[in-house]
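Each remark here refers to the structure printed beneath this line.
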Amino acid sequence: MLIPRRDVDFQLFEVLDCATLTRFERYAAYDREAFASVLDTAYRIAAERFAPYAAACDREEPRIEHGRAWTIPETRAALAAYNQASFTAATFDADDGGLQLPIAIAKACTAVFSSANVAFHSYAALTAGAADLLVSFGSDDQRRRFVRPMLAGRFTGTMCLSEPHAGSSLADIRCQARPDGDGHHRLTGTKMWISGGDHDLAETIVHLVLARLPGAPPGTRGISLFAVPRDRVREDASVGEPNDVRLAGLNHKMGWRGTTNAVLSFGERNACRAELVGEPHRGLEYMFRMMNAARIGVGTNAVALGYAAYGEALAYARQRPQGRLPGAKDPCSPPVEIFRHADVRRMLLAQKCWVEGGLALVLYCARLADEERCAADATARARIHALLELLTPVAKSWPSEYCLEANKLAIQVHGGYGYTRDFPVERLYRDNRLNHIHEGTHGIQGLDLLGRKVAMQDGVALNDLFARMTGTIASAGSVEPLAAHATALEAAVADIGMTTQALLRAMSLDPGVALANATTYLDSLGHIVVAWRWLAQALTAHAALAAARDGDRDFYTGKLAACRFFFRHELPRTGPALQLLRSLDDTALAIPDGGF
Amino acid sequence: MRRILVGIKRVIDFNVRVRVRPDGAGVVTDGVKMSANPFDSIALEEALRLRERGEADEVLAVSIGPGEAQQQLRDALAMGADRAILVKSDTALEPLAVAHVFLELAKRESPRLVILGKQAIDDDCSQTGQMLAALWNRPQATFASKLEIQGEAARVTREVDAGLEVIEVDLPAVITTDLRLNEPRYIKLPDIMKAKKKPLDVIEIVSLGVDATPVLKVVKYEAPPQRQKGIIVKDAGELVAALKQRGLA
């Protein structure tokens, strides 16, 4: 089920005030009505071309035929509609063939497409990510020959980082690129886990591959980035002969099955031409500069999949009659919809808190990305960039963890039916389970947050975050129904501030013990950040409620109820967790290896 | 100028579950997603295809309604209409008044074709096209599922109770669209921006001299009764008895 439009509009235009983005010169051609039309188009294509085939592409897993990965034909039709409407090009510069749509609006569209069919949408999202990398670091020639066709939907793109023996640890990759004397390179090696790595959906695929040049320094400082099309791309951007990239196999996944996931073998006949992107040995640095967007994208997909399942659970609960309420003693009285049962309502409200809180988080980050892009000067840009850097592991991980919990409860609401393939909630659960793993595992996000992000530039980003939270707390403190929430959040912010100091001190003494607690720290900061975004939503809802009528009254009242639920059931979890963190528990390190 | 005039009504989006307001004076519209009437989008698509086939030079989209209906007209322009007119009216009009508005516009714009949806999905009246044809004194071809222009006539396949009926009407004529006439295209994002540069005129309904005073009185809105649980009957006799008991036979 698609993310409801009402919530998207609320978050974008009421909470985040995205209509004012048009005051930036970059977005001046747009207005509120144009944003509405863009969203309308996204919803229509998502409903008509993506959603109806989500089950089919899961059931009919991609397979290899004549050396090429085969997907259900509706994949191509969906992407054609998506590209004809120019969604892949949406956020890019006009000079590169893009539309300069604000990132926040585009992010909301991607959430809608992913809630409809995450597997179809991934081909386009990966292409936009690869194009973004080439726009930032590629040559003019690469932009012309690769990026333009990618944005027009003629080519797709991938990111080829992992190898069979090296996934999270990219320092250990072995792919080699040797100069071919022709100004280019010859690539040899194998890449693993390549989403969209092969398919029949485009003229060719532009793989962005990490590899080592001869004599490159060991470790992460010796990795370069190459553009490697599956087929040679001529001077006029037409597609020529095969480029010695072989589909060595497909991985058979738990979920997200409609997106091919390939093992690729490069240069088996020593005829794989690779073009260096940017400067030698800077590949990983380039890749990581694009990683924020990719990781917020993962969080967005996690929100979309949890939200889709929540919609299913809500619709099911409203129409499934079962049992009677505690007061009804007559066994012949008609059963009530399970929506009336207290525990089912609890589960639905928990899901609502997580998925709407998650959407608020990722759209807030997208809004920050717009402000970064349009910042008036370098200082302002650096400041927002640092905040985004800090929030990125949170925006990736929190939805991956808690929107997956929403998927779990969506199955629970369906009871036994939820565990069958006759209902979409089991597929949505399987799909969402990936988000914990890819683009930096959950554990790595914790290490990134505690080991790098909170301490960077003397904690400037964390202080900026706290200051922003304090602003919201001050506003909510003067609004009677929200004052208690404001007080609770203020205490939680103070608590995590203190805990952060304790952990950073421990880091300098014994990094192992501190990092053994990094995931719990990530989880706690996530909860506090989402509580803040709930408080911001509640402030908006409270202000709008007075003048609201009919359905809007229910909507805003629902927001206030969900905020209350989050502050009563979720935020208090951080207290014991932070206390545990300050105790610097070392059990995981102390247990003997044989003790597991 | 061979012109096609298309009607675009702003209605509650077809995905929304419509609810009656507690006071029974109407349906809930606050915070409800509004869209172009789907049959009107089919009308616009057909007009665009006729223009693309060289059967028309200009597609004019017209809406009658509140200022917000400009959104639907802008979408029509983004889809491909050449220009648009919003006839402003803050009260909902009855089909006869709508037909009079289109009659006045037809006199001004001299369209070769007026293509309207066969009905609007909010009130389901299905009257405007027929009334307009009568007032304008031109032929009508309603519930069209296929439309071909042959010289100064249109050959129209109509969806009727018995199946399909093919008729020929002289132009200018009024056509109303059925669901299977076409599948409206998706709006392309760049065209949303281009649409802002196309002409969209807003005129007051009084400027057309149309009397919009309602002639019908709406007593009350209420939701349809909840569906009752069915019963299983043993045989035809019992079925007839059950129907009789309910006064249905």
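In the structure tokens, each chain is lettered A, B, ... as it comes, each chain's residues begin at 1, and ligands are numbered from 1 in order of appearance.
Omitting B:Arg185 and its sequence neighbours fewer than 2 positions away, and counting only C-alpha atoms, the residues within 8 Å are Glu45, Met79, Glu183 and Ile187 of chain B.
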Written selection (C-alpha atoms) as a compact mmCIF listing (two decimals), in the first residue's frame:
```txt
# COMPACT_ATOMS: atom_id res chain seq x y z
CA GLU B 45 -6.36 12.62 -23.70
CA MET B 79 -0.62 17.03 -20.01
CA GLU B 183 -5.75 5.56 -21.13
CA ILE B 187 2.41 14.04 -17.00
```
Exercise for the section: Identify, on the basis of only C-alpha atoms, every residue whose closest approach to B:Lys146 does not exceed 8 Å; exclude the query and any residue fewer than 6 positions from it along the same chain; express the result as a VMD selection string. Expected result: chain B and resid 156 to 158 181
Handout entry: Proximal residues of chain B relative to chain A (only C-alpha atoms; 10 Å) as a PyMOL selection string
Key = chain B and resi 19-22+27-33+35+68+70-72+74-75+78+185-196
Handout entry: For A:Leu388, the nearest of the candidates A:Leu462, A:Ala271, A:Ile338, A:Ala317, counting only C-alpha atoms
Key = A:Leu462
Practice task
Extract, using only C-alpha atoms, all DNA, RNA and protein residues at most 10 Å from A:Ala293, discarding same-chain residues fewer than 2 positions from it, and format them as a PyMOL selection string.
Solution key: chain A and resi 129+132+288-291+295-299+365-366+369+388-389+392+396
Problem - Near-B:Ala25 list (9 Å; only C-alpha atoms; drop same-chain fewer than 4 positions) as a PyMOL selection string - result: chain B and resi 20-21+218-222
Mind dumping the selected residues with N, CA, C and O atoms as a PDB file, in the first residue's frame?
```pdb
ATOM      1  N   VAL B  20     -19.811  11.239   4.591  1.00  0.00           N
ATOM      2  CA  VAL B  20     -20.827  12.270   4.723  1.00  0.00           C
ATOM      3  C   VAL B  20     -20.524  13.099   5.973  1.00  0.00           C
ATOM      4  O   VAL B  20     -20.111  12.552   7.004  1.00  0.00           O
ATOM      5  N   ARG B  21     -20.704  14.409   5.856  1.00  0.00           N
ATOM      6  CA  ARG B  21     -20.475  15.259   7.028  1.00  0.00           C
ATOM      7  C   ARG B  21     -21.519  14.967   8.088  1.00  0.00           C
ATOM      8  O   ARG B  21     -22.660  14.638   7.756  1.00  0.00           O
ATOM      9  N   VAL B 218     -31.316  20.261  -2.460  1.00  0.00           N
ATOM     10  CA  VAL B 218     -30.740  19.073  -1.841  1.00  0.00           C
ATOM     11  C   VAL B 218     -31.259  19.008  -0.411  1.00  0.00           C
ATOM     12  O   VAL B 218     -31.060  19.934   0.374  1.00  0.00           O
ATOM     13  N   VAL B 219     -31.953  17.938  -0.103  1.00  0.00           N
ATOM     14  CA  VAL B 219     -32.552  17.815   1.229  1.00  0.00           C
ATOM     15  C   VAL B 219     -31.505  17.365   2.240  1.00  0.00           C
ATOM     16  O   VAL B 219     -31.315  17.984   3.286  1.00  0.00           O
ATOM     17  N   LYS B 220     -30.824  16.316   1.924  1.00  0.00           N
ATOM     18  CA  LYS B 220     -29.910  15.749   2.910  1.00  0.00           C
ATOM     19  C   LYS B 220     -28.963  14.755   2.257  1.00  0.00           C
ATOM     20  O   LYS B 220     -29.336  14.069   1.305  1.00  0.00           O
ATOM     21  N   TYR B 221     -27.736  14.703   2.757  1.00  0.00           N
ATOM     22  CA  TYR B 221     -26.801  13.652   2.328  1.00  0.00           C
ATOM     23  C   TYR B 221     -26.804  12.567   3.399  1.00  0.00           C
ATOM     24  O   TYR B 221     -26.776  12.868   4.580  1.00  0.00           O
ATOM     25  N   GLU B 222     -26.852  11.334   2.988  1.00  0.00           N
ATOM     26  CA  GLU B 222     -26.595  10.282   3.970  1.00  0.00           C
ATOM     27  C   GLU B 222     -25.865   9.117   3.317  1.00  0.00           C
ATOM     28  O   GLU B 222     -25.987   8.877   2.113  1.00  0.00           O
TER      29      GLU B 222
END
```
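The space between atom CA of A:Leu368 and atom CA of A:Thr300 spans 14.7 Å.
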Practice task
Considering only C-alpha atoms, return as a ChimeraX atom specification whatever protein or nucleic-acid residues lie within 12 Å of A:Leu126, sequence-local ones (same chain, fewer than 5 positions apart) excluded.
Solution key: /A:88,110,118-121,131-133,150-151,153,155-160,194-197,205-208,259-260,290,293-294,297-298,439
Exercise for the section: Provide the atom CA of A:Leu489 to atom CA of A:Leu465 distance in Å, to one decimal place. Expected result: 13.1 Å
Handout entry: Using only C-alpha atoms: which of B:Val18, B:Ala144, B:Ile64, B:Leu208 has the shortest distance to B:Thr91
Key = B:Ile64
Practice task
Determine which residues of stretch 86-175 of chain B DSSP labels as strand (DSSP E) from the backbone of this structure, then write them out as a ChimeraX atom specification.
Solution key: /B:86-88,113-117,140-150,153-160,163-170,173-175
Problem - Residue nearest A:Asp464 among A:His385, A:His281, A:Lys253, A:Arg427 (counting only C-alpha atoms) - result: A:His385
